[in-house]
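Asker: Contents are compact mmCIF, N, CA and C atoms; file name entry-v5.txt:
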# COMPACT_ATOMS: atom_id res chain seq x y z
N MET A 77 212.24 124.49 99.04
CA MET A 77 211.75 125.83 98.84
C MET A 77 211.57 126.51 100.20
N LYS A 78 211.92 127.76 100.23
CA LYS A 78 211.75 128.53 101.46
C LYS A 78 210.26 128.82 101.68
N GLN A 79 209.81 128.68 102.91
CA GLN A 79 208.40 128.87 103.22
C GLN A 79 207.91 130.28 102.87
N GLU A 80 208.76 131.29 103.08
CA GLU A 80 208.34 132.66 102.79
C GLU A 80 208.07 132.87 101.30
N ASN A 81 208.66 132.04 100.45
CA ASN A 81 208.41 132.17 99.02
C ASN A 81 207.00 131.74 98.63
N TYR A 82 206.40 130.85 99.41
CA TYR A 82 205.02 130.46 99.14
C TYR A 82 204.09 131.65 99.34
N GLU A 83 204.30 132.39 100.42
CA GLU A 83 203.49 133.59 100.66
C GLU A 83 203.77 134.64 99.59
N LEU A 84 205.01 134.76 99.21
CA LEU A 84 205.41 135.72 98.18
C LEU A 84 204.65 135.46 96.88
N PHE A 85 204.65 134.23 96.41
CA PHE A 85 203.97 133.89 95.16
C PHE A 85 202.45 133.92 95.32
N LYS A 86 201.98 133.67 96.50
CA LYS A 86 200.54 133.63 96.75
C LYS A 86 199.91 135.01 96.64
N SER A 87 200.65 136.05 97.05
CA SER A 87 199.98 137.35 97.13
C SER A 87 200.75 138.56 96.59
N SER A 88 202.00 138.41 96.26
CA SER A 88 202.80 139.56 95.84
C SER A 88 202.74 139.78 94.33
N GLY A 89 203.18 140.96 93.94
CA GLY A 89 203.23 141.31 92.54
C GLY A 89 204.58 140.99 91.93
N THR A 90 204.69 141.26 90.65
CA THR A 90 205.92 140.98 89.90
C THR A 90 207.12 141.69 90.50
N ASP A 91 206.96 142.97 90.84
CA ASP A 91 208.09 143.73 91.36
C ASP A 91 208.64 143.14 92.65
N GLU A 92 207.76 142.74 93.54
CA GLU A 92 208.21 142.17 94.82
C GLU A 92 208.93 140.84 94.61
N ILE A 93 208.38 140.01 93.74
CA ILE A 93 208.98 138.70 93.49
C ILE A 93 210.34 138.84 92.82
N THR A 94 210.42 139.71 91.82
CA THR A 94 211.70 139.88 91.13
C THR A 94 212.73 140.54 92.03
N GLU A 95 212.27 141.40 92.94
CA GLU A 95 213.20 142.02 93.88
C GLU A 95 213.83 140.97 94.79
N VAL A 96 213.03 140.03 95.27
CA VAL A 96 213.55 138.95 96.11
C VAL A 96 214.57 138.12 95.33
N LEU A 97 214.25 137.77 94.10
CA LEU A 97 215.18 136.99 93.28
C LEU A 97 216.45 137.78 93.00
N SER A 98 216.32 139.06 92.74
CA SER A 98 217.48 139.89 92.48
C SER A 98 218.40 139.96 93.70
N LYS A 99 217.82 140.09 94.88
CA LYS A 99 218.62 140.11 96.11
C LYS A 99 219.32 138.78 96.34
N GLU A 100 218.63 137.69 96.05
CA GLU A 100 219.23 136.36 96.19
C GLU A 100 220.39 136.18 95.21
N LEU A 101 220.20 136.67 93.99
CA LEU A 101 221.28 136.60 92.99
C LEU A 101 222.52 137.31 93.50
N LYS A 102 222.34 138.50 94.07
CA LYS A 102 223.47 139.27 94.59
C LYS A 102 224.09 138.58 95.81
N PHE A 103 223.23 138.07 96.68
CA PHE A 103 223.70 137.39 97.89
C PHE A 103 224.55 136.17 97.54
N ARG A 104 224.12 135.45 96.54
CA ARG A 104 224.83 134.22 96.12
C ARG A 104 225.97 134.51 95.17
N ASN A 105 226.09 135.76 94.79
CA ASN A 105 227.19 136.17 93.93
C ASN A 105 227.20 135.39 92.60
N GLU A 106 226.00 135.23 92.03
CA GLU A 106 225.88 134.56 90.73
C GLU A 106 226.53 135.42 89.66
N GLN A 107 226.98 134.79 88.61
CA GLN A 107 227.58 135.52 87.50
C GLN A 107 226.56 136.49 86.90
N ALA A 108 227.03 137.64 86.46
CA ALA A 108 226.16 138.67 85.88
C ALA A 108 225.33 138.12 84.72
N PHE A 109 225.89 137.17 83.99
CA PHE A 109 225.17 136.55 82.86
C PHE A 109 223.81 136.03 83.32
N TRP A 110 223.78 135.34 84.46
CA TRP A 110 222.52 134.76 84.94
C TRP A 110 221.57 135.84 85.42
N GLY A 111 222.09 136.85 86.07
CA GLY A 111 221.23 137.94 86.52
C GLY A 111 220.56 138.64 85.36
N ASP A 112 221.29 138.77 84.26
CA ASP A 112 220.72 139.41 83.07
C ASP A 112 219.63 138.56 82.42
N LYS A 113 219.58 137.29 82.75
CA LYS A 113 218.59 136.38 82.16
C LYS A 113 217.43 136.09 83.13
N VAL A 114 217.74 135.93 84.41
CA VAL A 114 216.74 135.51 85.40
C VAL A 114 215.61 136.53 85.55
N ILE A 115 215.94 137.79 85.71
CA ILE A 115 214.92 138.78 85.99
C ILE A 115 213.96 138.99 84.81
N PRO A 116 214.44 139.20 83.58
CA PRO A 116 213.50 139.34 82.47
C PRO A 116 212.64 138.10 82.24
N PHE A 117 213.23 136.93 82.42
CA PHE A 117 212.48 135.68 82.27
C PHE A 117 211.38 135.59 83.33
N THR A 118 211.73 135.92 84.55
CA THR A 118 210.75 135.91 85.65
C THR A 118 209.63 136.91 85.38
N GLN A 119 209.98 138.10 84.94
CA GLN A 119 208.98 139.11 84.65
C GLN A 119 208.04 138.66 83.54
N ALA A 120 208.59 138.01 82.52
CA ALA A 120 207.77 137.53 81.40
C ALA A 120 206.76 136.49 81.88
N ILE A 121 207.21 135.55 82.69
CA ILE A 121 206.31 134.50 83.19
C ILE A 121 205.25 135.11 84.10
N LEU A 122 205.68 135.94 85.02
CA LEU A 122 204.74 136.53 85.98
C LEU A 122 203.75 137.49 85.34
N SER A 123 204.12 138.06 84.19
CA SER A 123 203.21 138.98 83.52
C SER A 123 201.90 138.30 83.12
N VAL A 124 201.94 136.98 83.05
CA VAL A 124 200.74 136.20 82.73
C VAL A 124 200.22 135.47 83.97
N LEU A 125 201.12 134.88 84.75
CA LEU A 125 200.66 134.09 85.90
C LEU A 125 199.98 134.93 86.97
N ILE A 126 200.47 136.12 87.23
CA ILE A 126 199.85 136.95 88.27
C ILE A 126 198.43 137.37 87.87
N PRO A 127 198.19 137.83 86.64
CA PRO A 127 196.80 138.11 86.27
C PRO A 127 195.91 136.86 86.33
N LEU A 128 196.46 135.70 85.95
CA LEU A 128 195.68 134.46 86.08
C LEU A 128 195.38 134.18 87.55
N ARG A 129 196.36 134.38 88.41
CA ARG A 129 196.17 134.19 89.86
C ARG A 129 195.08 135.13 90.38
N ASP A 130 195.17 136.39 89.98
CA ASP A 130 194.26 137.40 90.51
C ASP A 130 192.83 137.26 89.99
N THR A 131 192.65 136.53 88.91
CA THR A 131 191.30 136.29 88.37
C THR A 131 190.84 134.85 88.62
N ASN A 132 191.58 134.13 89.47
CA ASN A 132 191.25 132.74 89.82
C ASN A 132 191.15 131.84 88.59
N LYS A 133 192.08 132.02 87.65
CA LYS A 133 192.08 131.20 86.43
C LYS A 133 193.41 130.48 86.23
N LEU A 134 194.15 130.26 87.31
CA LEU A 134 195.43 129.56 87.21
C LEU A 134 195.24 128.11 86.79
N PHE A 135 196.19 127.63 86.02
CA PHE A 135 196.17 126.22 85.62
C PHE A 135 197.60 125.76 85.42
N THR A 136 197.78 124.46 85.40
CA THR A 136 199.10 123.87 85.20
C THR A 136 199.37 123.70 83.71
N PRO A 137 200.61 123.41 83.34
CA PRO A 137 200.88 123.12 81.93
C PRO A 137 200.09 121.90 81.41
N GLU A 138 199.66 121.06 82.33
CA GLU A 138 198.86 119.89 81.95
C GLU A 138 197.38 120.23 81.82
N GLY A 139 197.01 121.48 82.11
CA GLY A 139 195.62 121.92 81.97
C GLY A 139 194.76 121.79 83.21
N GLU A 140 195.35 121.42 84.34
CA GLU A 140 194.58 121.27 85.57
C GLU A 140 194.43 122.63 86.26
N SER A 141 193.24 122.92 86.71
CA SER A 141 192.98 124.16 87.44
C SER A 141 193.63 124.09 88.81
N VAL A 142 194.24 125.20 89.25
CA VAL A 142 194.85 125.26 90.57
C VAL A 142 194.42 126.55 91.26
N ASP A 143 194.45 126.52 92.59
CA ASP A 143 193.97 127.65 93.37
C ASP A 143 195.03 128.70 93.69
N GLU A 144 196.29 128.28 93.77
CA GLU A 144 197.33 129.20 94.22
C GLU A 144 198.53 129.18 93.30
N LEU A 145 199.15 130.34 93.19
CA LEU A 145 200.43 130.42 92.51
C LEU A 145 201.51 130.06 93.52
N THR A 146 202.24 129.01 93.24
CA THR A 146 203.30 128.54 94.12
C THR A 146 204.62 128.58 93.37
N PRO A 147 205.74 128.51 94.08
CA PRO A 147 207.02 128.42 93.39
C PRO A 147 207.09 127.22 92.45
N GLU A 148 206.49 126.11 92.84
CA GLU A 148 206.50 124.92 91.99
C GLU A 148 205.74 125.15 90.68
N LEU A 149 204.59 125.81 90.77
CA LEU A 149 203.82 126.09 89.56
C LEU A 149 204.60 127.05 88.67
N PHE A 150 205.19 128.06 89.27
CA PHE A 150 206.03 128.99 88.52
C PHE A 150 207.13 128.23 87.78
N LEU A 151 207.79 127.30 88.46
CA LEU A 151 208.87 126.53 87.84
C LEU A 151 208.37 125.63 86.72
N LYS A 152 207.15 125.10 86.88
CA LYS A 152 206.58 124.30 85.78
C LYS A 152 206.43 125.15 84.53
N TRP A 153 205.97 126.38 84.71
CA TRP A 153 205.78 127.26 83.56
C TRP A 153 207.09 127.81 83.04
N SER A 154 208.17 127.68 83.81
CA SER A 154 209.46 128.20 83.34
C SER A 154 210.11 127.31 82.29
N ASP A 155 209.53 126.15 82.04
CA ASP A 155 209.98 125.33 80.92
C ASP A 155 209.62 126.09 79.65
N PHE A 156 210.58 126.31 78.77
CA PHE A 156 210.39 127.19 77.62
C PHE A 156 209.29 126.69 76.68
N VAL A 157 209.15 125.39 76.53
CA VAL A 157 208.08 124.84 75.69
C VAL A 157 206.73 125.10 76.35
N SER A 158 206.65 124.92 77.66
CA SER A 158 205.40 125.19 78.38
C SER A 158 205.04 126.67 78.30
N LEU A 159 206.04 127.53 78.41
CA LEU A 159 205.80 128.97 78.35
C LEU A 159 205.26 129.38 76.98
N LYS A 160 205.82 128.80 75.94
CA LYS A 160 205.31 129.06 74.59
C LYS A 160 203.86 128.60 74.49
N SER A 161 203.57 127.43 75.02
CA SER A 161 202.21 126.89 75.02
C SER A 161 201.26 127.81 75.79
N LEU A 162 201.73 128.34 76.91
CA LEU A 162 200.92 129.26 77.71
C LEU A 162 200.56 130.50 76.90
N ALA A 163 201.52 131.05 76.20
CA ALA A 163 201.27 132.25 75.39
C ALA A 163 200.17 131.98 74.36
N PHE A 164 200.24 130.83 73.69
CA PHE A 164 199.22 130.52 72.69
C PHE A 164 197.87 130.23 73.33
N SER A 165 197.86 129.59 74.50
CA SER A 165 196.60 129.33 75.21
C SER A 165 195.90 130.63 75.60
N ILE A 166 196.69 131.56 76.13
CA ILE A 166 196.12 132.85 76.52
C ILE A 166 195.66 133.61 75.29
N GLN A 167 196.45 133.56 74.24
CA GLN A 167 196.07 134.24 73.00
C GLN A 167 194.72 133.72 72.48
N ARG A 168 194.54 132.40 72.49
CA ARG A 168 193.26 131.82 72.06
C ARG A 168 192.14 132.23 73.00
N SER A 169 192.40 132.21 74.29
CA SER A 169 191.38 132.57 75.27
C SER A 169 190.99 134.04 75.16
N ASN A 170 191.95 134.90 74.88
CA ASN A 170 191.65 136.32 74.73
C ASN A 170 190.71 136.59 73.57
N LYS A 171 190.67 135.67 72.60
CA LYS A 171 189.81 135.85 71.44
C LYS A 171 188.37 135.37 71.68
N LEU A 172 188.15 134.65 72.76
CA LEU A 172 186.81 134.14 73.06
C LEU A 172 185.86 135.29 73.39
N GLU A 173 184.58 135.04 73.20
CA GLU A 173 183.60 136.08 73.47
C GLU A 173 182.66 135.72 74.62
N ASP A 174 183.07 134.81 75.47
CA ASP A 174 182.21 134.44 76.59
C ASP A 174 182.93 134.64 77.91
N GLU A 175 182.34 134.13 78.99
CA GLU A 175 182.88 134.36 80.34
C GLU A 175 184.21 133.64 80.59
N SER A 176 184.60 132.71 79.74
CA SER A 176 185.88 132.03 79.94
C SER A 176 187.05 132.84 79.34
N LYS A 177 186.73 133.95 78.75
CA LYS A 177 187.75 134.83 78.17
C LYS A 177 188.68 135.33 79.28
N THR A 178 189.97 135.41 78.99
CA THR A 178 190.91 135.83 80.02
C THR A 178 191.28 137.30 79.97
N ASP A 179 191.39 137.88 78.78
CA ASP A 179 191.80 139.29 78.62
C ASP A 179 193.09 139.61 79.36
N ILE A 180 194.08 138.80 79.16
CA ILE A 180 195.39 139.03 79.78
C ILE A 180 196.32 139.61 78.73
N ASP A 181 197.02 140.66 79.11
CA ASP A 181 197.95 141.34 78.22
C ASP A 181 199.18 140.45 78.00
N LEU A 182 199.43 140.15 76.76
CA LEU A 182 200.55 139.28 76.40
C LEU A 182 201.78 140.05 75.91
N LYS A 183 201.77 141.36 76.03
CA LYS A 183 202.86 142.16 75.47
C LYS A 183 204.22 141.78 76.06
N ILE A 184 204.34 141.74 77.37
CA ILE A 184 205.64 141.45 78.00
C ILE A 184 206.10 140.05 77.63
N LEU A 185 205.22 139.07 77.78
CA LEU A 185 205.58 137.70 77.43
C LEU A 185 205.86 137.57 75.94
N GLY A 186 205.02 138.18 75.11
CA GLY A 186 205.22 138.11 73.67
C GLY A 186 206.53 138.71 73.23
N ASP A 187 206.86 139.88 73.79
CA ASP A 187 208.14 140.52 73.47
C ASP A 187 209.31 139.63 73.89
N TYR A 188 209.18 139.03 75.07
CA TYR A 188 210.24 138.16 75.56
C TYR A 188 210.43 136.95 74.63
N LEU A 189 209.34 136.29 74.30
CA LEU A 189 209.41 135.11 73.44
C LEU A 189 209.92 135.47 72.05
N SER A 190 209.49 136.59 71.52
CA SER A 190 209.96 137.03 70.21
C SER A 190 211.47 137.26 70.21
N HIS A 191 211.96 137.80 71.30
CA HIS A 191 213.41 138.04 71.43
C HIS A 191 214.19 136.73 71.29
N TYR A 192 213.57 135.62 71.66
CA TYR A 192 214.22 134.31 71.57
C TYR A 192 213.69 133.49 70.39
N ASN A 193 213.26 134.20 69.36
CA ASN A 193 212.87 133.60 68.08
C ASN A 193 211.69 132.64 68.16
N VAL A 194 210.77 132.88 69.08
CA VAL A 194 209.54 132.09 69.13
C VAL A 194 208.54 132.77 68.21
N ASN A 195 208.05 132.03 67.22
CA ASN A 195 207.07 132.56 66.30
C ASN A 195 205.72 132.61 67.00
N LEU A 196 205.16 133.79 67.15
CA LEU A 196 203.89 133.95 67.86
C LEU A 196 202.68 133.90 66.93
N GLU A 197 202.93 133.61 65.67
CA GLU A 197 201.84 133.48 64.71
C GLU A 197 201.49 132.02 64.44
N ASP A 198 202.48 131.16 64.51
CA ASP A 198 202.28 129.75 64.17
C ASP A 198 202.85 128.89 65.30
N GLU A 199 201.96 128.30 66.06
CA GLU A 199 202.36 127.51 67.23
C GLU A 199 203.18 126.29 66.86
N LEU A 200 203.03 125.80 65.65
CA LEU A 200 203.73 124.59 65.24
C LEU A 200 205.18 124.83 64.85
N LEU A 201 205.54 126.08 64.60
CA LEU A 201 206.93 126.37 64.28
C LEU A 201 207.78 126.29 65.53
N ASP A 202 208.92 125.67 65.40
CA ASP A 202 209.81 125.48 66.54
C ASP A 202 210.77 126.66 66.66
N PHE A 203 211.46 126.71 67.78
CA PHE A 203 212.49 127.73 68.01
C PHE A 203 213.82 127.01 68.17
N PRO A 204 214.93 127.74 68.07
CA PRO A 204 216.24 127.09 68.16
C PRO A 204 216.43 126.35 69.50
N ILE A 205 216.95 125.14 69.41
CA ILE A 205 217.18 124.32 70.61
C ILE A 205 218.11 125.02 71.59
N SER A 206 218.99 125.85 71.09
CA SER A 206 219.91 126.56 71.99
C SER A 206 219.15 127.47 72.95
N HIS A 207 218.01 128.01 72.50
CA HIS A 207 217.21 128.85 73.39
C HIS A 207 216.54 128.01 74.47
N TYR A 208 216.12 126.82 74.10
CA TYR A 208 215.56 125.91 75.10
C TYR A 208 216.61 125.57 76.15
N ASN A 209 217.80 125.22 75.70
CA ASN A 209 218.88 124.86 76.63
C ASN A 209 219.26 126.02 77.54
N LEU A 210 219.33 127.22 76.99
CA LEU A 210 219.61 128.41 77.80
C LEU A 210 218.56 128.56 78.90
N HIS A 211 217.31 128.40 78.54
CA HIS A 211 216.24 128.59 79.52
C HIS A 211 216.17 127.47 80.55
N GLN A 212 216.65 126.30 80.20
CA GLN A 212 216.78 125.25 81.22
C GLN A 212 217.78 125.70 82.28
N GLY A 213 218.88 126.30 81.84
CA GLY A 213 219.87 126.82 82.77
C GLY A 213 219.29 127.95 83.63
N VAL A 214 218.55 128.84 83.01
CA VAL A 214 217.93 129.95 83.76
C VAL A 214 216.95 129.39 84.79
N SER A 215 216.16 128.42 84.40
CA SER A 215 215.20 127.79 85.33
C SER A 215 215.92 127.15 86.50
N ASN A 216 217.05 126.51 86.22
CA ASN A 216 217.81 125.89 87.30
C ASN A 216 218.36 126.92 88.28
N VAL A 217 218.80 128.06 87.77
CA VAL A 217 219.27 129.13 88.64
C VAL A 217 218.11 129.65 89.50
N ILE A 218 216.95 129.87 88.89
CA ILE A 218 215.78 130.36 89.63
C ILE A 218 215.42 129.35 90.72
N LYS A 219 215.40 128.08 90.38
CA LYS A 219 215.07 127.04 91.36
C LYS A 219 216.04 127.08 92.55
N SER A 220 217.31 127.31 92.27
CA SER A 220 218.29 127.37 93.37
C SER A 220 218.08 128.60 94.26
N LEU A 221 217.47 129.64 93.69
CA LEU A 221 217.23 130.87 94.46
C LEU A 221 216.00 130.77 95.34
N LEU A 222 215.07 129.92 94.95
CA LEU A 222 213.81 129.80 95.69
C LEU A 222 213.96 128.82 96.84
Would you give me this structure, written as structure tokens?

Answerer:
Amino acid sequence: MKQENYELFKSSGTDEITEVLSKELKFRNEQAFWGDKVIPFTQAILSVLIPLRDTNKLFTPEGESVDELTPELFLKWSDFVSLKSLAFSIQRSNKLEDESKTDIDLKILGDYLSHYNVNLEDELLDFPISHYNLHQGVSNVIKSLL
């Protein structure tokens, strides 16, 4: 991972991070197919991770609290199953009535997941394996850019 990406994830917003990835995609001359997938996927993940970062409530897919948003943490959440789990965790937390409530807007992530047939009403319902495989490829492209 490039050292400047650690600072980028530590303090920048979604627009800055996606701009860097977009420039890298163009620089590496990746196929347009990947560019059409990488940026929306990144925006969906960051729409939740950045508010968690800014409220000091970041955690790993394993449930461990962490202090900083790093490229590695971002990549952990880019696993499609983990991302689905994150959406449901935030949804449950948003319903709480105490100080552990997150109040994070799930619209961008929810719209993204719905587009890939993730049922946002029932966590136990699965999504097509082809969507998981596609997102593994997108995650691999993102990893190569970072």

Asker: Give me the residues within 12 Å of Asp198 of chain A as a list in words, counting only C-alpha atoms and dropping any in the same chain fewer than 2 places off.

Answerer: Lys160, Ser161, Ala163, Phe164, Gln167, Asn193, Val194, Asn195, Leu196, Leu200, Leu201, Asp202 and Phe203 of chain A

Asker: Using atom CA of Ile166 of chain A and atom CA of Asn216 of chain A as the two end points, give the distance in Å to one decimal.

Answerer: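 We find that atom CA of Ile166 of chain A and atom CA of Asn216 of chain A lie 25.2 Å from each other.
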
Asker: Can you work out the spacing between atom CA of Ile93 of chain A and atom CA of Ala108 of chain A in Å, to one decimal?

Answerer: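 Distance reported for this atom pair: 18.8 Å.
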
Asker: Measuring between only C-alpha atoms, which one of A:Ile115, A:Val157, A:Leu84, A:Leu125 shows the shortest distance to Asn209 of chain A?

Answerer: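 Nearest to Asn209 of chain A: A:Val157.
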
Asker: What is the distance, in Å and to one decimal place, between atom N of Lys86 of chain A and atom C of Ser215 of chain A?

Answerer: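 It comes out at 18.4 Å.
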
Asker: Pull the neighbourhood of (199.9, 139.5, 74.1) for me: all residues within 12 Å in file coordinates, counting only C-alpha atoms, as a PyMOL selection string.

Answerer: chain A and resi 120+123-124+160+162-171+178-190+196-197
